[in-house]
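Shown next: upload.cif, containing mmCIF, C-alpha atoms and all ligand atoms.
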```cif
data_input
#
loop_
_atom_site.label_atom_id
_atom_site.label_comp_id
_atom_site.auth_asym_id
_atom_site.auth_seq_id
_atom_site.Cartn_x
_atom_site.Cartn_y
_atom_site.Cartn_z
CA MET J 1 -35.58 -105.21 33.53
CA LYS J 2 -36.00 -108.75 32.25
CA THR J 3 -35.81 -111.52 34.85
CA ILE J 4 -33.14 -114.12 34.18
CA TYR J 5 -34.42 -117.05 36.19
CA LEU J 6 -31.75 -119.59 37.08
CA ASP J 7 -33.41 -120.87 40.26
CA ASN J 8 -35.49 -123.68 38.83
CA ASN J 9 -34.63 -126.15 41.61
CA ALA J 10 -36.50 -123.78 43.97
CA THR J 11 -39.54 -123.57 41.74
CA THR J 12 -40.40 -123.39 38.05
CA ARG J 13 -42.56 -121.26 35.82
CA VAL J 14 -45.94 -122.93 35.23
CA ALA J 15 -46.05 -124.02 31.58
CA PRO J 16 -48.70 -122.10 29.57
CA GLU J 17 -50.06 -125.46 28.34
CA VAL J 18 -50.55 -126.47 31.98
CA VAL J 19 -52.46 -123.27 32.78
CA ASP J 20 -54.69 -123.89 29.73
CA ALA J 21 -55.40 -127.45 30.91
CA MET J 22 -56.33 -126.23 34.41
CA MET J 23 -58.63 -123.33 33.51
CA PRO J 24 -61.90 -125.23 32.86
CA PHE J 25 -61.74 -126.77 36.33
CA PHE J 26 -62.31 -123.49 38.22
CA CYS J 27 -65.59 -122.11 36.87
CA GLU J 28 -66.97 -124.75 34.50
CA LEU J 29 -66.04 -128.28 35.64
CA TYR J 30 -65.88 -127.36 39.31
CA GLY J 31 -67.68 -130.42 40.72
CA ASN J 32 -66.33 -132.60 43.52
CA ALA J 33 -64.61 -135.64 42.00
CA SER J 34 -66.07 -137.84 44.76
CA SER J 35 -69.71 -136.79 44.19
CA MET J 36 -72.25 -139.35 43.00
CA HIS J 37 -73.82 -137.13 40.31
CA SER J 38 -72.64 -137.20 36.73
CA PHE J 39 -71.21 -133.65 36.98
CA GLY J 40 -68.81 -134.95 39.65
CA GLY J 41 -68.24 -138.13 37.65
CA GLN J 42 -67.16 -136.07 34.66
CA VAL J 43 -64.57 -134.31 36.82
CA LYS J 44 -63.37 -137.63 38.25
CA ARG J 45 -62.57 -138.86 34.75
CA HIS J 46 -60.13 -135.96 34.37
CA VAL J 47 -58.47 -136.84 37.69
CA GLU J 48 -58.07 -140.42 36.48
CA ARG J 49 -56.65 -139.18 33.17
CA ALA J 50 -54.07 -137.14 35.12
CA ARG J 51 -53.24 -140.25 37.15
CA GLU J 52 -52.57 -142.12 33.90
CA GLN J 53 -50.38 -139.28 32.59
CA VAL J 54 -48.26 -139.25 35.76
CA ALA J 55 -48.06 -143.06 35.80
CA ALA J 56 -46.89 -143.09 32.16
CA CYS J 57 -44.15 -140.58 33.01
CA LEU J 58 -42.91 -142.85 35.84
CA GLY J 59 -43.35 -146.29 34.27
CA ALA J 60 -45.94 -147.04 36.99
CA ASP J 61 -49.47 -148.37 37.15
CA PRO J 62 -52.10 -145.62 37.62
CA SER J 63 -53.34 -147.41 40.78
CA GLU J 64 -49.91 -146.72 42.33
CA ILE J 65 -50.21 -142.91 42.02
CA VAL J 66 -51.50 -140.99 45.07
CA PHE J 67 -52.01 -137.23 44.68
CA THR J 68 -50.83 -135.10 47.62
CA SER J 69 -50.40 -131.38 48.28
CA CYS J 70 -46.59 -131.14 47.78
CA GLY J 71 -43.27 -132.95 47.92
CA THR J 72 -43.00 -132.34 51.65
CA GLU J 73 -46.32 -134.08 52.26
CA SER J 74 -45.26 -137.02 50.08
CA ASP J 75 -42.01 -137.40 52.06
CA ASN J 76 -43.88 -137.18 55.38
CA ALA J 77 -46.48 -139.68 54.20
CA ALA J 78 -43.83 -142.18 53.05
CA LEU J 79 -41.75 -142.07 56.23
CA ARG J 80 -44.44 -141.68 58.85
CA GLY J 81 -46.85 -144.00 57.05
CA THR J 82 -44.24 -146.78 56.85
CA CYS J 83 -43.18 -146.38 60.48
CA GLU J 84 -46.81 -146.49 61.62
CA ALA J 85 -47.53 -149.54 59.48
CA LEU J 86 -44.55 -151.34 61.09
CA THR J 87 -45.19 -150.08 64.65
CA GLY J 88 -43.71 -152.29 67.34
CA ARG J 89 -41.84 -154.46 64.83
CA ARG J 90 -39.09 -152.32 63.32
CA HIS J 91 -37.42 -149.31 64.94
CA HIS J 92 -34.58 -148.25 62.65
CA LEU J 93 -34.45 -145.74 59.77
CA ILE J 94 -31.65 -145.09 57.30
CA THR J 95 -31.23 -141.85 55.40
CA THR J 96 -28.35 -139.60 54.31
CA ARG J 97 -26.85 -136.39 55.67
CA VAL J 98 -27.68 -134.52 52.47
CA GLU J 99 -31.44 -135.09 52.22
CA HIS J 100 -33.85 -132.21 51.87
CA LEU J 101 -35.28 -131.14 55.23
CA ALA J 102 -38.62 -132.65 54.15
CA VAL J 103 -36.94 -136.03 54.80
CA LEU J 104 -34.18 -135.18 57.29
CA SER J 105 -36.44 -133.33 59.74
CA VAL J 106 -39.03 -136.13 59.64
CA CYS J 107 -36.34 -138.75 60.34
CA ARG J 108 -34.98 -136.66 63.23
CA HIS J 109 -38.53 -136.20 64.55
CA LEU J 110 -39.07 -139.96 64.44
CA GLY J 111 -35.67 -140.29 66.12
CA GLY J 112 -37.22 -138.51 69.11
CA HIS J 113 -40.15 -140.95 69.11
CA GLY J 114 -38.54 -144.33 69.59
CA PHE J 115 -36.73 -144.80 66.26
CA ARG J 116 -32.99 -145.13 65.80
CA VAL J 117 -31.78 -143.10 62.82
CA THR J 118 -28.66 -143.73 60.73
CA GLU J 119 -27.62 -140.73 58.62
CA LEU J 120 -25.15 -141.99 56.01
CA PRO J 121 -22.22 -139.67 55.21
CA VAL J 122 -21.16 -138.62 51.70
CA ASP J 123 -17.67 -138.05 50.30
CA ASN J 124 -16.33 -134.74 48.99
CA GLN J 125 -18.06 -135.36 45.65
CA GLY J 126 -21.39 -135.80 47.43
CA LEU J 127 -21.42 -139.56 46.72
CA LEU J 128 -22.45 -142.45 48.98
CA ASP J 129 -20.57 -145.59 50.04
CA LEU J 130 -23.01 -148.40 49.22
CA GLN J 131 -21.08 -150.89 51.37
CA LEU J 132 -21.79 -148.65 54.35
CA LEU J 133 -25.49 -148.71 53.45
CA GLU J 134 -25.44 -152.48 53.24
CA ASP J 135 -23.60 -152.77 56.57
CA SER J 136 -26.11 -150.42 58.23
CA LEU J 137 -29.16 -152.51 57.31
CA SER J 138 -30.54 -154.85 59.95
CA ASP J 139 -33.65 -156.93 60.69
CA ASP J 140 -34.87 -153.92 62.64
CA THR J 141 -34.68 -151.47 59.69
CA ALA J 142 -38.16 -150.20 58.76
CA ILE J 143 -37.28 -147.96 55.81
CA VAL J 144 -34.40 -146.56 53.80
CA SER J 145 -35.02 -143.04 52.46
CA ILE J 146 -32.40 -141.78 50.01
CA MET J 147 -32.97 -138.99 47.50
CA TRP J 148 -32.59 -139.59 43.78
CA ALA J 149 -30.90 -136.23 43.08
CA ASN J 150 -29.70 -133.59 45.47
CA ASN J 151 -31.50 -130.26 45.25
CA GLU J 152 -28.37 -128.19 46.01
CA THR J 153 -25.73 -129.90 43.90
CA GLY J 154 -27.77 -131.97 41.44
CA VAL J 155 -25.68 -135.05 42.40
CA LEU J 156 -27.44 -138.31 41.50
CA PHE J 157 -27.43 -141.35 43.77
CA PRO J 158 -27.43 -144.87 42.21
CA ILE J 159 -31.08 -145.54 42.97
CA GLU J 160 -31.29 -148.84 41.12
CA ALA J 161 -28.36 -150.32 43.08
CA ILE J 162 -29.71 -148.96 46.37
CA GLY J 163 -33.16 -150.37 45.61
CA GLU J 164 -31.65 -153.79 44.89
CA ILE J 165 -29.77 -153.79 48.20
CA CYS J 166 -32.98 -152.90 50.07
CA ARG J 167 -35.03 -155.49 48.21
CA ARG J 168 -32.48 -158.24 48.98
CA LYS J 169 -32.81 -157.36 52.68
CA GLY J 170 -36.62 -156.99 52.55
CA VAL J 171 -36.55 -153.33 53.61
CA VAL J 172 -38.95 -150.68 52.25
CA PHE J 173 -37.13 -148.17 50.03
CA HIS J 174 -38.35 -144.58 49.61
CA THR J 175 -36.72 -142.05 47.31
CA ASP J 176 -37.34 -138.33 47.14
CA ALA J 177 -37.43 -137.83 43.36
CA VAL J 178 -38.53 -134.19 43.53
CA GLN J 179 -35.44 -133.01 41.62
CA VAL J 180 -35.35 -135.74 38.97
CA ALA J 181 -38.98 -135.93 37.84
CA GLY J 182 -39.16 -134.38 34.39
CA LYS J 183 -35.37 -134.01 34.13
CA ILE J 184 -34.13 -137.57 33.56
CA PRO J 185 -36.04 -140.76 32.67
CA VAL J 186 -37.63 -142.57 35.62
CA ASP J 187 -38.91 -146.07 34.91
CA LEU J 188 -40.33 -147.74 37.98
CA SER J 189 -41.11 -150.91 36.06
CA LYS J 190 -37.31 -151.45 36.12
CA VAL J 191 -36.07 -149.64 39.23
CA PRO J 192 -36.89 -151.36 42.56
CA VAL J 193 -38.34 -148.41 44.48
CA ASP J 194 -41.33 -148.93 46.83
CA LEU J 195 -42.22 -145.30 47.55
CA LEU J 196 -41.31 -142.17 45.58
CA SER J 197 -42.08 -138.47 46.08
CA ILE J 198 -42.69 -135.82 43.43
CA SER J 199 -43.56 -132.13 43.65
CA GLY J 200 -45.60 -130.41 40.91
CA HIS J 201 -43.94 -127.01 41.10
CA LYS J 202 -40.51 -128.40 40.21
CA LEU J 203 -41.74 -129.59 36.80
CA HIS J 204 -43.74 -126.63 35.50
CA ALA J 205 -47.00 -127.47 37.30
CA PRO J 206 -48.27 -125.15 40.07
CA LYS J 207 -47.28 -125.10 43.74
CA GLY J 208 -49.66 -127.07 45.96
CA VAL J 209 -49.75 -130.47 44.29
CA GLY J 210 -47.51 -133.52 44.57
CA VAL J 211 -47.47 -137.28 44.13
CA LEU J 212 -46.57 -140.21 46.29
CA TYR J 213 -45.94 -143.34 44.24
CA VAL J 214 -46.80 -146.45 46.29
CA ARG J 215 -45.75 -149.73 44.70
CA LYS J 216 -48.52 -152.37 44.84
CA GLY J 217 -48.20 -154.44 48.02
CA THR J 218 -46.25 -151.82 50.02
CA ARG J 219 -47.51 -151.56 53.61
CA LEU J 220 -48.36 -147.94 54.38
CA SER J 221 -50.66 -146.30 56.92
CA PRO J 222 -52.36 -143.16 55.57
CA PHE J 223 -50.78 -139.90 56.74
CA MET J 224 -53.89 -137.77 56.07
CA ILE J 225 -56.96 -139.38 57.63
CA GLY J 226 -60.57 -138.45 56.88
CA GLY J 227 -62.53 -139.35 53.75
CA HIS J 228 -61.96 -142.21 51.33
CA GLN J 229 -60.24 -140.28 48.54
CA GLU J 230 -57.19 -141.63 46.70
CA GLY J 231 -58.06 -145.26 47.41
CA ASN J 232 -58.06 -144.57 51.18
CA LYS J 233 -54.38 -143.60 50.98
CA ARG J 234 -54.81 -139.81 51.24
CA ALA J 235 -57.93 -138.18 52.60
CA GLY J 236 -59.05 -134.72 51.46
CA THR J 237 -61.12 -133.44 48.54
CA GLU J 238 -59.11 -133.79 45.35
CA ASN J 239 -57.49 -130.53 44.18
CA VAL J 240 -58.81 -131.12 40.67
CA PRO J 241 -57.37 -128.15 38.70
CA TYR J 242 -53.90 -128.74 40.14
CA ILE J 243 -54.06 -132.50 39.64
CA VAL J 244 -55.10 -131.96 36.01
CA GLY J 245 -52.24 -129.46 35.67
CA LEU J 246 -49.73 -131.93 37.08
CA GLY J 247 -50.96 -134.60 34.67
CA ARG J 248 -50.40 -132.25 31.73
CA ALA J 249 -46.99 -131.21 33.12
CA ALA J 250 -45.94 -134.87 33.36
CA GLU J 251 -46.97 -135.40 29.75
CA LEU J 252 -44.97 -132.33 28.64
CA ALA J 253 -42.00 -133.42 30.74
CA GLN J 254 -41.82 -136.66 28.81
CA ARG J 255 -41.88 -134.71 25.56
CA TYR J 256 -39.13 -132.28 26.64
CA MET J 257 -36.91 -134.82 28.42
CA ALA J 258 -34.57 -135.26 25.46
CA ASP J 259 -34.20 -131.47 25.29
CA GLU J 260 -33.22 -131.38 28.98
CA ALA J 261 -30.61 -134.02 28.35
CA THR J 262 -28.97 -132.08 25.49
CA ARG J 263 -29.89 -128.39 25.09
CA VAL J 264 -30.22 -127.64 28.82
CA ARG J 265 -27.09 -129.64 29.66
CA ASP J 266 -25.13 -127.74 26.99
CA LEU J 267 -26.30 -124.40 28.37
CA ARG J 268 -25.43 -125.49 31.91
CA ASP J 269 -21.96 -126.62 30.82
CA ARG J 270 -21.39 -123.37 28.91
CA LEU J 271 -22.32 -121.39 32.02
CA GLU J 272 -20.16 -123.53 34.29
CA ASP J 273 -17.09 -123.61 32.03
CA GLY J 274 -17.38 -119.87 31.44
CA ILE J 275 -17.54 -119.11 35.16
CA LEU J 276 -14.70 -121.45 36.10
CA LYS J 277 -12.53 -119.91 33.37
CA SER J 278 -13.27 -116.25 34.16
CA CYS J 279 -13.45 -116.33 37.97
CA PRO J 280 -10.27 -117.32 39.83
CA ASP J 281 -10.73 -119.42 43.00
CA ALA J 282 -14.06 -120.81 41.85
CA THR J 283 -14.70 -124.54 42.25
CA LEU J 284 -17.52 -126.90 41.38
CA ASN J 285 -19.36 -128.58 44.26
CA GLY J 286 -20.38 -132.20 43.77
CA SER J 287 -19.67 -134.82 41.16
CA ARG J 288 -19.32 -133.49 37.62
CA VAL J 289 -20.27 -136.90 36.24
CA HIS J 290 -23.19 -138.16 38.35
CA ARG J 291 -25.65 -135.29 38.24
CA ILE J 292 -28.86 -134.01 36.67
CA PRO J 293 -28.45 -131.90 33.54
CA ASN J 294 -29.83 -128.58 34.79
CA THR J 295 -27.82 -127.86 37.97
CA SER J 296 -24.44 -126.35 38.72
CA ASN J 297 -23.27 -125.47 42.22
CA ILE J 298 -20.14 -123.33 42.31
CA SER J 299 -18.18 -121.97 45.28
CA PHE J 300 -16.60 -118.54 44.95
CA HIS J 301 -13.98 -118.74 47.66
CA TYR J 302 -13.54 -115.91 50.17
CA VAL J 303 -16.85 -114.15 49.33
CA GLU J 304 -20.36 -114.37 50.77
CA GLY J 305 -23.02 -116.11 48.67
CA GLU J 306 -25.67 -113.67 49.90
CA ALA J 307 -23.63 -110.71 48.64
CA ILE J 308 -23.27 -112.34 45.22
CA LEU J 309 -27.02 -112.95 45.07
CA LEU J 310 -27.81 -109.33 45.96
CA LEU J 311 -25.50 -107.98 43.26
CA LEU J 312 -26.80 -110.46 40.65
CA ASP J 313 -30.30 -109.37 41.59
CA GLN J 314 -29.48 -105.84 40.40
CA PHE J 315 -29.24 -107.31 36.90
CA GLY J 316 -32.46 -109.31 37.30
CA ILE J 317 -30.49 -112.56 37.70
CA CYS J 318 -32.06 -115.07 40.12
CA ALA J 319 -29.94 -117.87 41.59
CA SER J 320 -29.71 -119.35 45.04
CA SER J 321 -27.24 -119.97 47.84
CA GLY J 322 -27.96 -123.25 49.55
CA SER J 323 -31.57 -124.46 49.30
CA ALA J 324 -34.36 -121.91 49.45
CA CYS J 325 -35.42 -123.39 52.77
CA THR J 326 -32.03 -122.87 54.43
CA SER J 327 -31.25 -119.45 52.98
CA GLY J 328 -32.05 -116.79 55.54
CA SER J 329 -29.67 -118.44 57.99
CA LEU J 330 -25.98 -117.60 57.84
CA GLU J 331 -24.87 -121.18 58.51
CA PRO J 332 -23.41 -122.93 55.45
CA SER J 333 -25.89 -125.48 54.16
CA HIS J 334 -25.93 -128.96 55.71
CA VAL J 335 -25.16 -130.37 52.25
CA MET J 336 -21.95 -128.34 51.91
CA ARG J 337 -20.95 -129.31 55.46
CA ALA J 338 -21.63 -133.00 54.79
CA MET J 339 -19.37 -132.83 51.71
CA GLY J 340 -16.61 -131.25 53.79
CA VAL J 341 -16.53 -128.09 51.65
CA PRO J 342 -14.14 -125.71 53.48
CA PHE J 343 -15.75 -122.82 55.38
CA THR J 344 -14.45 -120.09 53.04
CA ALA J 345 -15.89 -121.96 50.04
CA ALA J 346 -19.16 -123.14 51.59
CA HIS J 347 -20.20 -119.57 52.39
CA GLY J 348 -19.71 -118.51 48.79
CA SER J 349 -21.60 -121.34 47.13
CA ILE J 350 -24.17 -120.45 44.49
CA ARG J 351 -26.60 -122.82 42.80
CA PHE J 352 -27.59 -122.12 39.21
CA SER J 353 -30.51 -124.25 38.02
CA LEU J 354 -31.83 -124.06 34.47
CA SER J 355 -35.07 -125.13 32.80
CA ARG J 356 -36.56 -125.70 29.37
CA TYR J 357 -37.23 -121.93 29.25
CA THR J 358 -33.56 -120.93 29.77
CA THR J 359 -31.97 -119.30 26.71
CA GLY J 360 -28.39 -118.86 25.46
CA ASP J 361 -28.74 -115.06 25.75
CA GLU J 362 -29.52 -115.44 29.45
CA ILE J 363 -26.40 -117.54 29.98
CA ASP J 364 -24.34 -114.91 28.12
CA ALA J 365 -25.76 -112.18 30.37
CA VAL J 366 -24.69 -114.08 33.50
CA LEU J 367 -21.22 -114.64 32.06
CA GLU J 368 -20.97 -110.89 31.39
CA HIS J 369 -22.14 -109.67 34.81
CA LEU J 370 -20.86 -112.29 37.25
CA PRO J 371 -17.03 -112.04 36.94
CA PRO J 372 -16.92 -108.26 37.73
CA ILE J 373 -19.24 -108.89 40.72
CA ILE J 374 -16.86 -111.52 42.10
CA GLY J 375 -13.88 -109.21 41.44
CA ARG J 376 -15.52 -106.35 43.38
CA LEU J 377 -16.45 -108.58 46.33
CA ARG J 378 -12.96 -110.08 46.49
CA GLU J 379 -11.50 -106.58 46.82
CA LEU J 380 -13.64 -106.13 49.94
CA SER J 381 -13.08 -109.61 51.38
CA PRO J 382 -11.13 -109.84 54.67
CA PHE J 383 -10.27 -113.46 53.78
CA VAL J 384 -8.45 -112.40 50.60
CA THR J 385 -6.33 -109.87 52.57
CA SER J 386 -5.39 -112.42 55.22
CA LYS J 387 -4.56 -114.93 52.48
CA ALA J 388 -2.11 -112.53 50.75
C1 LIG J 401 -35.35 -132.70 47.05
C2 LIG J 401 -36.57 -131.98 47.55
N1 LIG J 401 -37.45 -132.64 48.30
C3 LIG J 401 -38.57 -132.07 48.75
C4 LIG J 401 -38.86 -130.75 48.48
C5 LIG J 401 -40.11 -130.14 49.01
O1 LIG J 401 -41.08 -130.03 47.99
P1 LIG J 401 -42.33 -129.04 48.18
O2 LIG J 401 -41.81 -127.65 48.01
O3 LIG J 401 -43.28 -129.43 47.08
O4 LIG J 401 -42.89 -129.28 49.51
C6 LIG J 401 -37.94 -130.00 47.71
C7 LIG J 401 -38.16 -128.56 47.46
O5 LIG J 401 -37.23 -127.80 47.28
C8 LIG J 401 -36.78 -130.64 47.22
O6 LIG J 401 -35.88 -129.99 46.46
#
```

Full structure transcribed into structure tokens:
Amino acid sequence: MKTIYLDNNATTRVAPEVVDAMMPFFCELYGNASSMHSFGGQVKRHVERAREQVAACLGADPSEIVFTSCGTESDNAALRGTCEALTGRRHHLITTRVEHLAVLSVCRHLGGHGFRVTELPVDNQGLLDLQLLEDSLSDDTAIVSIMWANNETGVLFPIEAIGEICRRKGVVFHTDAVQVAGKIPVDLSKVPVDLLSISGHKLHAPKGVGVLYVRKGTRLSPFMIGGHQEGNKRAGTENVPYIVGLGRAAELAQRYMADEATRVRDLRDRLEDGILKSCPDATLNGSRVHRIPNTSNISFHYVEGEAILLLLDQFGICASSGSACTSGSLEPSHVMRAMGVPFTAAHGSIRFSLSRYTTGDEIDAVLEHLPPIIGRLRELSPFVTSKA
């Protein structure tokens, strides 16, 4: 059975071009990029080339790119590194209720270690009130951490406006851009962001590599301490094959960006419109307007998301209910709760996330198999009976 993979916000297929770029760095150019000999120096040049490729994709200077092991590490490094750099002077953090746990858990952890944490609410579209953000800022605020796009709904926050508010108040601004990198243009020469996180495996590079962008002049204590790699900002021997792969993935992302904005968006809209038309009591979660082009989060009222996933799985269709990190628990996701999605809808929410490899035939297959699955589950649902 062919796999129909519509779970690209969880992870993506590694692009064949990325695998090709990585291969020489396992058995041929395997030197340590920090070694003094020319064999190591040769490898270092490829790391620096990857840094340039990532910087070009973000509108950044290569010196502002720090390679890490994943998006979670980048988020930890941004938040904990800023708080440590400002120790004893600022004790307040601002984030939102819908962040990925890589941010939310770190903020809550810091909340138990002397920091006051403000978690901004969202409305039923998943959008923020910027006046509330402005009112929450104070002379004691160390950092604002607000994601660029939500991993569950795809909803985009107005990062440029948020960055301007933070800059006016002289507060460090971090954004988790894990779900936007490679999907929509990011130009940090224009957008006032101080720190930004990226994860390789969300943009067709392998798992185990990420980036923290650190704008020149931003005060940050290193999160990983040890050697002098990455300009003393992140210790640990450089993961050369993966860094080279991420550089190539960033280059490809720039090339395919226009495709994401049109072909992928069209496929997503066809899937979404088809589902909403053929499945009664199905509603879209999050803003239809302010969102990335590859994501659709739909609630099938009165049925369990897990049951839908299991039945889709029988046709080789992969989607997700809540984020991959929260599935496994029967609680509705914290994002759905923050948006005030009613209980009977939050439990039946499914995220479909597409990629440059998604085809029209795959969308047609989902539109063929999904409506009968929902029909069958509704017949079994105690909520439908009590509703009647
Ligand atoms: C918005 C967001 N931030 C952070 C992460 C964590 O990234 P990683 O899996 O590279 O640690 C994810 C992964 O799902 C994510 O979607």

Ligand LIG 401 (chain J): which residues are within 9 Å, counting all atoms listed in the file? Reply as a VMD selection string. chain J and resid 9 to 11 69 to 75 99 to 103 147 to 152 176 to 180 197 to 202 207 to 210 323 to 325

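The interatomic distance for the pair atom CA of J:Lys216 and atom CA of J:Met22 works out to 29.2 Å.
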
Closest of J:Ala346, J:Val122, J:Leu212, J:Val47 to J:Val66 - atom-to-atom distances counting all atoms listed in the file: J:Leu212

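In this structure, atom CA of J:Glu28 sits 17.9 Å away from atom CA of J:Ala50.
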
Restricting the calculation to only C-alpha atoms, which member of J:Glu64, J:Leu276, J:Gly227, J:Leu246 is positioned closest to J:Leu188? J:Glu64

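Residues surrounding J:Ser320 within 10 Å are J:Leu6, J:Asp7, J:Asn8, J:Asn9, J:Ala10, J:Glu152, J:Asn297, J:Gly305, J:Glu306, J:Ile308, J:Leu309, J:Ser323, J:Ala324, J:Ser327, J:Ser349, J:Ile350, J:Arg351, J:Phe352, J:Ser353 [all atoms listed in the file; sequence separation below 3 positions excluded].
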
So, counting all atoms listed in the file, which residue among J:Ser35, J:Arg268, J:Phe383, J:Pro185 is closest to J:Thr359? J:Arg268

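Atom to atom, atom CA of J:Val155 and atom CA of J:Met336 stand 12.2 Å apart.
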
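Nearest residue to J:Arg219 among J:Thr82, J:Thr153, J:Thr237, J:Ser105 is J:Thr82, counting only C-alpha atoms.
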